[in-house]
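Q: Dropping a structure here in structure tokens format, bear with me for questions.
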Amino acid sequence: MSNISEETLPPTDLITLTRHILAEQSRLGSRATGDLTMLLNAIQLTSKFIATNVRKARLINLVGLAGETNVQGEEQKKLDVLSNDIMVNALRASGKTAVLVSEELDEAVIIDERNRGKYCVVFDPLDGSSNIDAGVNIGTIFGIYQVGAESSGTIEDVLKPGSQMVAAGYTMYGSSANLVLSTGNGVNGFTLDNGLGEFILTHPDIKIPSRGKIYSFNEGNSMYFHEPVINYLNSIKYPSQEKGKKSPYSARYIGSMVADVHRTLLYGGIFGYPDDKKSKNGKLRMLYEAFPMAYLTEQAGGMATTGRKRILDIQPTEIHARCPVFLGSKEDVQDLISFYEAHDKKASS
């Protein structure tokens with residue numbers, strides 16, 4: 001008989017991402033066709049492929065510029081281009097997609113009729129890529145829409161409010177590869193076990209705290225911030241003793257949206273990238289950055305706003321449109337909104 005106590009044994013009833021997705025399909029019963037399951041499995045594969053290349057990027061000369069710029073006017077990294085190709089090829093090959101929108105491509109990819117499915121995927125193949133050379137956490141962000149009942153798959157199928165997404169998630173590549181996913185029934189986090197080659201459930205039913213102690217803003221742009229944002233930041237950096245806020249918030253800003261939002265989901269607080277005097281509509285892209293992250297935040301019990309409007313209610317007019325983003329703990333975001341309301345009330349009086 002072994003002397004090893006049960007406490008030292010590794011768990012054997014592992015919930016893999018595939019098992020979780022199949023359980024979600026089973027929950028839907030006869031309404032489920034299996035198409036979304038197959039699509040999510042294709043996304044899972046792309047995450048493993050990209051994670052492998054991120055880890056050995058320096059060794060196989062994937063670090064550095066590719067010599068081109070994307071539609072945003074940003075210089076493309078070699079790993080950006082490779083990650084985009086991996087995503088497009090895998091999603092096309094799944095046979096479950098009709099329209100693909102990538103940060104790296106000027107136009108939407110309309111899948112040929114032979115391989116066309118009933119879902120549209122919007123994605124940023126490698127968010128935070130300016131951090132690649134420094135070894136900082138980067139990630140893939142994605143959102144999924146369903147093709148309209150009367151549509152064969154056109155750009156109009158992705159020009160919808162984020163509230164109409166059927167699933168969203170991101171994969172973060174760092175000390176480990178973490179995939180966070182919601183199919184509209186809460187948020188779950190998975191960690192890639194490189195030995196098994198499987199994503200294992202490590203963060204079940206993620207719930208963002210109602211209030212946090214961390215704010216995540218690029219204060220290098222503070223000279224361009226509008227008054228409501230400046231007043232809000234001052235309120236958490238120099239809290240009034242009268243309002244019961246005894247200590248200031250801690251600042252944490254990585255500069256990679258996936259990493260900053262991941263921390264916010266787990267620890268609470270607020271992440272913000274506002275519009276300002278320099279960027280009139282904000283900097284983050286609506287379809288494949290703001291919408292998926294807002295979807296996840298709300299599913300985890302938080303809030304996501306532009307300061308004046310719920311992010312998931314915005315109607316996009318073009319695939320690379322931008323919007324201001326504030327998301328995180330419900331009470332923190334409500335505090336931020338109150339500063340916008342006070343400013344607008346003062347301006348209208």
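Every chain in the structure tokens has a letter given in the order shown (A, B, ...), and although residue numbers restart at 1 in each chain, ligands are simply numbered from 1 in the order shown.
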Applying 6 Å and only C-alpha atoms, which residues near segment 290-292 of chain A remain after dropping the ones on its own chain fewer than 3 positions away? List them as an NGL selection string.
A: :A and (143 or 162 or 168 or 286-287 or 295)
Q: Since we have the selection now, will you write its residues out, keeping N, CA, C and O atoms, as an mmCIF file, in the first residue's frame?
A:
```
data_model
loop_
_atom_site.group_PDB
_atom_site.id
_atom_site.type_symbol
_atom_site.label_atom_id
_atom_site.label_comp_id
_atom_site.auth_asym_id
_atom_site.auth_seq_id
_atom_site.Cartn_x
_atom_site.Cartn_y
_atom_site.Cartn_z
ATOM 1 N N GLY A 143 -14.629 37.437 -30.379
ATOM 2 C CA GLY A 143 -16.069 37.480 -30.124
ATOM 3 C C GLY A 143 -16.768 36.749 -31.258
ATOM 4 O O GLY A 143 -16.268 36.713 -32.389
ATOM 5 N N GLY A 162 -22.688 44.576 -29.262
ATOM 6 C CA GLY A 162 -22.015 43.459 -28.605
ATOM 7 C C GLY A 162 -22.948 42.580 -27.805
ATOM 8 O O GLY A 162 -22.642 41.414 -27.534
ATOM 9 N N ALA A 168 -17.692 34.972 -26.246
ATOM 10 C CA ALA A 168 -16.519 35.841 -26.309
ATOM 11 C C ALA A 168 -15.458 35.288 -25.377
ATOM 12 O O ALA A 168 -15.752 34.528 -24.445
ATOM 13 N N MET A 286 -13.859 48.659 -31.254
ATOM 14 C CA MET A 286 -15.136 48.252 -30.703
ATOM 15 C C MET A 286 -15.399 46.752 -30.853
ATOM 16 O O MET A 286 -15.647 46.044 -29.869
ATOM 17 N N LEU A 287 -15.335 46.245 -32.085
ATOM 18 C CA LEU A 287 -15.773 44.882 -32.369
ATOM 19 C C LEU A 287 -14.934 43.819 -31.685
ATOM 20 O O LEU A 287 -15.470 42.861 -31.121
ATOM 21 N N TYR A 295 -18.400 42.031 -22.730
ATOM 22 C CA TYR A 295 -19.249 40.833 -22.610
ATOM 23 C C TYR A 295 -18.783 39.971 -21.437
ATOM 24 O O TYR A 295 -19.569 39.562 -20.575
#
```
Q: Could you name the residues that touch segment 36-41 of chain A at 12 Å or less, counting only C-alpha atoms, but leaving out those on the same chain fewer than 3 positions away, as a ChimeraX atom specification?
A: /A:16-26,28,31-33,44-48,87,90-98,117-121,142-146,166-170,179-183,198-199
Q: Show me, as number ranges by chain, the residues that have an atom within 10 Å of Asp193 of chain A when counting only C-alpha atoms, minus same-chain residues fewer than 3 positions from it.
A: A: 16, 176-178, 190, 196-200
Q: Suppose we keep N, CA and C atoms; can you now write the selection as a compact mmCIF listing (two decimals), in the first residue's frame?
A:
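Written file, result33.txt:
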```txt
# COMPACT_ATOMS: atom_id res chain seq x y z
N THR A 16 -11.50 19.47 -18.84
CA THR A 16 -10.80 20.13 -19.94
C THR A 16 -11.75 21.12 -20.61
N SER A 176 2.07 31.30 -18.24
CA SER A 176 1.23 30.17 -18.66
C SER A 176 0.27 30.71 -19.71
N ALA A 177 -0.38 29.82 -20.42
CA ALA A 177 -1.40 30.23 -21.39
C ALA A 177 -2.77 30.05 -20.74
N ASN A 178 -3.50 31.14 -20.60
CA ASN A 178 -4.81 31.11 -19.94
C ASN A 178 -5.90 31.50 -20.92
N PHE A 190 -9.35 28.73 -18.08
CA PHE A 190 -8.64 27.48 -18.30
C PHE A 190 -7.15 27.76 -18.47
N LEU A 196 -0.08 17.69 -21.18
CA LEU A 196 -1.26 17.02 -21.73
C LEU A 196 -1.68 17.61 -23.07
N GLY A 197 -1.27 18.87 -23.31
CA GLY A 197 -1.72 19.55 -24.51
C GLY A 197 -3.18 19.94 -24.43
N GLU A 198 -3.68 20.13 -23.20
CA GLU A 198 -5.09 20.46 -23.00
C GLU A 198 -5.24 21.67 -22.08
N PHE A 199 -6.29 22.46 -22.34
CA PHE A 199 -6.66 23.52 -21.43
C PHE A 199 -7.49 22.91 -20.30
N ILE A 200 -7.06 23.13 -19.05
CA ILE A 200 -7.72 22.57 -17.87
C ILE A 200 -8.43 23.67 -17.10
```
Q: What does the distance from atom CA of Pro274 of chain A to atom CA of Cys323 of chain A come to in Å, to one decimal?
A: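 Calculated distance between atom CA of Pro274 of chain A and atom CA of Cys323 of chain A is 8.0 Å.
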Q: Using only C-alpha atoms, which residues sit within 8 Å of Tyr273 of chain A once same-chain residues fewer than 2 positions away are excluded, as a list in words?
A: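 The neighbour list is Phe217, Asn218, Phe271, Asp275, Gly282, Lys283, Leu284, Pro324, Val325 and Phe326 of chain A.
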Q: For Gly255 of chain A, which residue out of A:Leu126, A:Arg55, A:Asn137, A:Arg211 is the nearest one, using only C-alpha atoms?
A: A:Asn137
Q: In Å, rounded to a single decimal, give me how far atom CA of Gly269 of chain A is from atom CA of Thr297 of chain A.
A: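 Atom CA of Gly269 of chain A lies 11.5 Å from atom CA of Thr297 of chain A.
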Q: Report, in Å with one decimal, the straight-line distance from atom CA of Ala347 of chain A to atom CA of Lys278 of chain A.
A: 21.1 Å
Q: DSSP on the backbone, then: every residue of segment 42-267 of chain A marked alpha helix (DSSP H), written as JSON, numbers by chain.
A: {"A": [42, 43, 44, 45, 46, 47, 48, 49, 50, 51, 52, 53, 54, 55, 78, 79, 80, 81, 82, 83, 84, 85, 86, 87, 88, 89, 90, 91, 92, 93, 227, 228, 229, 230, 231, 232, 233, 234, 235, 236, 237, 257, 258, 259, 260, 261, 262, 263, 264, 265, 266, 267]}
Q: Could those residues be written to a file, using C-alpha atoms, as a compact mmCIF listing (two decimals), in the first residue's frame?
A:
```
# COMPACT_ATOMS: atom_id res chain seq x y z
CA ALA A 42 -10.98 25.45 -33.60
CA ILE A 43 -10.30 28.59 -31.52
CA GLN A 44 -8.81 26.39 -28.81
CA LEU A 45 -6.42 24.91 -31.38
CA THR A 46 -5.33 28.35 -32.61
CA SER A 47 -4.60 29.36 -29.02
CA LYS A 48 -2.32 26.34 -28.55
CA PHE A 49 -0.57 27.04 -31.86
CA ILE A 50 -0.03 30.73 -31.10
CA ALA A 51 1.10 29.94 -27.52
CA THR A 52 3.76 27.59 -28.89
CA ASN A 53 5.07 30.24 -31.27
CA VAL A 54 5.05 32.98 -28.62
CA ARG A 55 7.23 30.83 -26.36
CA LYS A 78 6.23 39.16 -37.41
CA LEU A 79 4.28 37.32 -34.73
CA ASP A 80 1.21 39.53 -35.44
CA VAL A 81 1.19 38.39 -39.06
CA LEU A 82 1.73 34.73 -38.19
CA SER A 83 -0.99 34.78 -35.52
CA ASN A 84 -3.44 36.35 -37.96
CA ASP A 85 -2.70 33.68 -40.57
CA ILE A 86 -3.16 30.93 -37.98
CA MET A 87 -6.54 32.33 -36.93
CA VAL A 88 -7.89 32.92 -40.43
CA ASN A 89 -6.81 29.52 -41.75
CA ALA A 90 -8.10 27.54 -38.75
CA LEU A 91 -11.44 29.36 -38.63
CA ARG A 92 -11.95 28.98 -42.39
CA ALA A 93 -11.06 25.27 -42.21
CA GLU A 227 -12.51 66.62 -16.92
CA PRO A 228 -14.73 63.70 -15.72
CA VAL A 229 -11.82 61.24 -16.02
CA ILE A 230 -9.36 63.58 -14.29
CA ASN A 231 -11.83 64.18 -11.43
CA TYR A 232 -12.52 60.47 -11.05
CA LEU A 233 -8.82 59.58 -10.94
CA ASN A 234 -8.19 62.30 -8.36
CA SER A 235 -11.00 60.87 -6.22
CA ILE A 236 -9.35 57.46 -5.99
CA LYS A 237 -5.77 58.75 -5.71
CA MET A 257 -5.44 44.94 -22.69
CA VAL A 258 -5.67 41.18 -22.17
CA ALA A 259 -3.29 41.28 -19.19
CA ASP A 260 -4.89 44.37 -17.62
CA VAL A 261 -8.45 43.03 -18.01
CA HIS A 262 -7.44 39.56 -16.77
CA ARG A 263 -6.11 41.07 -13.55
CA THR A 264 -9.22 43.24 -13.21
CA LEU A 265 -11.54 40.24 -13.60
CA LEU A 266 -9.70 38.33 -10.88
CA TYR A 267 -8.91 41.09 -8.39
```
Q: With only C-alpha atoms as the basis for distance, which of A:Glu104, A:Gly184, A:Ile314, A:Leu201 is at the shortest distance from Asp13 of chain A?
A: A:Leu201
Q: Measuring atom to atom with only C-alpha atoms, identify which of A:Ile15, A:Ile110, A:Ile319, A:Ile132 is nearest to Gly189 of chain A.
A: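 Result for the nearest residue to Gly189 of chain A: A:Ile15.
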Q: What's the 8 Å shell around Ile206 of chain A, counting only C-alpha atoms, without same-chain residues fewer than 2 positions away, as a list of chain:residue names?
A: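 Once the adjacent positions are removed, what remains is A:Gly186, A:Val187, A:Asn188, A:Gly189, A:His203, A:Pro204, A:Ile208, A:Leu265, A:Leu266, A:Ala300.
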Q: Generate the output file for the selected residues, C-alpha atoms, as a short mmCIF file (atom, residue, chain, number, x, y, z; two decimals), in the first residue's frame.
A:
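To be explicit, this is the file written out as selection.cif:
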```cif
data_model
loop_
_atom_site.label_atom_id
_atom_site.label_comp_id
_atom_site.auth_asym_id
_atom_site.auth_seq_id
_atom_site.Cartn_x
_atom_site.Cartn_y
_atom_site.Cartn_z
CA GLY A 186 -20.93 32.89 -16.72
CA VAL A 187 -17.17 33.08 -17.20
CA ASN A 188 -14.66 30.25 -16.83
CA GLY A 189 -10.87 30.27 -17.00
CA HIS A 203 -10.84 29.33 -12.59
CA PRO A 204 -14.46 28.12 -12.54
CA ILE A 208 -15.40 40.06 -10.32
CA LEU A 265 -11.54 40.24 -13.60
CA LEU A 266 -9.70 38.33 -10.88
CA ALA A 300 -18.64 38.01 -14.45
#
```
Q: Report as an MDAnalysis selection string: the residues of segment 141-270 of chain A with a DSSP assignment of strand (DSSP E), based on the backbone of this structure.
A: chainID A and resid 141:146 167:173 177:182 188:193 198:203 214:216 250:251 270
Q: May I have the selected residues written with N, CA and C atoms, as an mmCIF file, in the first residue's frame?
A:
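Saved to selection-v7.cif:
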```
data_model
loop_
_atom_site.group_PDB
_atom_site.id
_atom_site.type_symbol
_atom_site.label_atom_id
_atom_site.label_comp_id
_atom_site.auth_asym_id
_atom_site.auth_seq_id
_atom_site.Cartn_x
_atom_site.Cartn_y
_atom_site.Cartn_z
ATOM 1 N N ILE A 141 -7.875 38.067 -28.533
ATOM 2 C CA ILE A 141 -9.239 38.397 -28.106
ATOM 3 C C ILE A 141 -10.200 38.010 -29.226
ATOM 4 N N PHE A 142 -11.350 37.431 -28.863
ATOM 5 C CA PHE A 142 -12.311 37.053 -29.906
ATOM 6 C C PHE A 142 -13.743 37.200 -29.427
ATOM 7 N N GLY A 143 -14.629 37.437 -30.379
ATOM 8 C CA GLY A 143 -16.069 37.480 -30.124
ATOM 9 C C GLY A 143 -16.768 36.749 -31.258
ATOM 10 N N ILE A 144 -17.922 36.166 -30.964
ATOM 11 C CA ILE A 144 -18.630 35.354 -31.962
ATOM 12 C C ILE A 144 -20.078 35.837 -32.091
ATOM 13 N N TYR A 145 -20.479 36.099 -33.330
ATOM 14 C CA TYR A 145 -21.867 36.419 -33.658
ATOM 15 C C TYR A 145 -22.462 35.275 -34.478
ATOM 16 N N GLN A 146 -23.784 35.194 -34.477
ATOM 17 C CA GLN A 146 -24.457 34.237 -35.347
ATOM 18 C C GLN A 146 -24.973 34.969 -36.580
ATOM 19 N N ALA A 167 -20.841 34.351 -27.869
ATOM 20 C CA ALA A 167 -19.693 33.906 -27.062
ATOM 21 C C ALA A 167 -18.565 34.914 -27.229
ATOM 22 N N ALA A 168 -17.692 34.972 -26.246
ATOM 23 C CA ALA A 168 -16.519 35.841 -26.309
ATOM 24 C C ALA A 168 -15.458 35.288 -25.377
ATOM 25 N N GLY A 169 -14.223 35.679 -25.639
ATOM 26 C CA GLY A 169 -13.156 35.205 -24.766
ATOM 27 C C GLY A 169 -11.817 35.782 -25.170
ATOM 28 N N TYR A 170 -10.798 35.360 -24.443
ATOM 29 C CA TYR A 170 -9.430 35.733 -24.787
ATOM 30 C C TYR A 170 -8.481 34.645 -24.307
ATOM 31 N N THR A 171 -7.317 34.590 -24.925
ATOM 32 C CA THR A 171 -6.238 33.726 -24.443
ATOM 33 C C THR A 171 -5.051 34.621 -24.138
ATOM 34 N N MET A 172 -4.507 34.487 -22.940
ATOM 35 C CA MET A 172 -3.355 35.286 -22.527
ATOM 36 C C MET A 172 -2.112 34.408 -22.519
ATOM 37 N N TYR A 173 -1.052 34.904 -23.182
ATOM 38 C CA TYR A 173 0.200 34.159 -23.264
ATOM 39 C C TYR A 173 1.234 34.828 -22.377
ATOM 40 N N ALA A 177 -0.384 29.818 -20.423
ATOM 41 C CA ALA A 177 -1.401 30.233 -21.394
ATOM 42 C C ALA A 177 -2.765 30.047 -20.739
ATOM 43 N N ASN A 178 -3.505 31.140 -20.595
ATOM 44 C CA ASN A 178 -4.809 31.111 -19.936
ATOM 45 C C ASN A 178 -5.896 31.497 -20.923
ATOM 46 N N LEU A 179 -6.904 30.642 -21.064
ATOM 47 C CA LEU A 179 -8.030 30.931 -21.946
ATOM 48 C C LEU A 179 -9.255 31.195 -21.086
ATOM 49 N N VAL A 180 -9.855 32.367 -21.253
ATOM 50 C CA VAL A 180 -11.045 32.758 -20.496
ATOM 51 C C VAL A 180 -12.207 32.856 -21.478
ATOM 52 N N LEU A 181 -13.315 32.196 -21.151
ATOM 53 C CA LEU A 181 -14.410 32.038 -22.114
ATOM 54 C C LEU A 181 -15.768 32.213 -21.459
ATOM 55 N N SER A 182 -16.688 32.817 -22.215
ATOM 56 C CA SER A 182 -18.098 32.844 -21.816
ATOM 57 C C SER A 182 -18.957 32.541 -23.037
ATOM 58 N N ASN A 188 -15.556 31.286 -17.347
ATOM 59 C CA ASN A 188 -14.664 30.251 -16.831
ATOM 60 C C ASN A 188 -13.268 30.422 -17.402
ATOM 61 N N GLY A 189 -12.258 30.119 -16.588
ATOM 62 C CA GLY A 189 -10.870 30.265 -17.002
ATOM 63 C C GLY A 189 -10.158 28.924 -17.048
ATOM 64 N N PHE A 190 -9.351 28.731 -18.078
ATOM 65 C CA PHE A 190 -8.636 27.480 -18.298
ATOM 66 C C PHE A 190 -7.148 27.759 -18.469
ATOM 67 N N THR A 191 -6.320 26.850 -17.995
ATOM 68 C CA THR A 191 -4.870 26.988 -18.116
ATOM 69 C C THR A 191 -4.325 25.831 -18.941
ATOM 70 N N LEU A 192 -3.452 26.147 -19.887
ATOM 71 C CA LEU A 192 -2.902 25.114 -20.768
ATOM 72 C C LEU A 192 -1.886 24.267 -20.025
ATOM 73 N N ASP A 193 -2.150 22.957 -19.960
ATOM 74 C CA ASP A 193 -1.185 21.993 -19.431
ATOM 75 C C ASP A 193 -0.354 21.521 -20.618
ATOM 76 N N GLU A 198 -3.682 20.128 -23.204
ATOM 77 C CA GLU A 198 -5.093 20.457 -22.995
ATOM 78 C C GLU A 198 -5.238 21.671 -22.085
ATOM 79 N N PHE A 199 -6.291 22.459 -22.343
ATOM 80 C CA PHE A 199 -6.661 23.525 -21.430
ATOM 81 C C PHE A 199 -7.493 22.913 -20.299
ATOM 82 N N ILE A 200 -7.057 23.129 -19.049
ATOM 83 C CA ILE A 200 -7.717 22.568 -17.870
ATOM 84 C C ILE A 200 -8.431 23.675 -17.101
ATOM 85 N N LEU A 201 -9.653 23.394 -16.642
ATOM 86 C CA LEU A 201 -10.419 24.382 -15.874
ATOM 87 C C LEU A 201 -9.715 24.667 -14.548
ATOM 88 N N THR A 202 -9.262 25.899 -14.373
ATOM 89 C CA THR A 202 -8.564 26.308 -13.148
ATOM 90 C C THR A 202 -9.263 27.465 -12.449
ATOM 91 N N HIS A 203 -10.114 28.182 -13.168
ATOM 92 C CA HIS A 203 -10.835 29.328 -12.586
ATOM 93 C C HIS A 203 -12.326 29.198 -12.929
ATOM 94 N N ILE A 214 -7.674 48.649 -7.284
ATOM 95 C CA ILE A 214 -6.673 48.877 -8.335
ATOM 96 C C ILE A 214 -7.313 49.642 -9.487
ATOM 97 N N TYR A 215 -6.596 50.628 -10.004
ATOM 98 C CA TYR A 215 -7.037 51.281 -11.239
ATOM 99 C C TYR A 215 -5.964 51.092 -12.304
ATOM 100 N N SER A 216 -6.420 50.952 -13.555
ATOM 101 C CA SER A 216 -5.516 50.649 -14.660
ATOM 102 C C SER A 216 -5.795 51.595 -15.828
ATOM 103 N N SER A 250 -4.334 51.508 -5.828
ATOM 104 C CA SER A 250 -3.015 51.228 -6.405
ATOM 105 C C SER A 250 -3.109 51.285 -7.922
ATOM 106 N N ALA A 251 -2.067 51.817 -8.565
ATOM 107 C CA ALA A 251 -2.032 51.889 -10.029
ATOM 108 C C ALA A 251 -1.316 50.662 -10.581
ATOM 109 N N ILE A 270 -10.838 48.849 -11.671
ATOM 110 C CA ILE A 270 -11.331 49.421 -12.921
ATOM 111 C C ILE A 270 -10.209 49.561 -13.940
#
```
Q: Which residue out of A:Tyr288, A:Thr317, A:Ser210, A:Ser130 has the minimum interatomic distance to Gln334 of chain A when only C-alpha atoms are used?
A: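 So, comparing all the options, the nearest one is A:Ser210.
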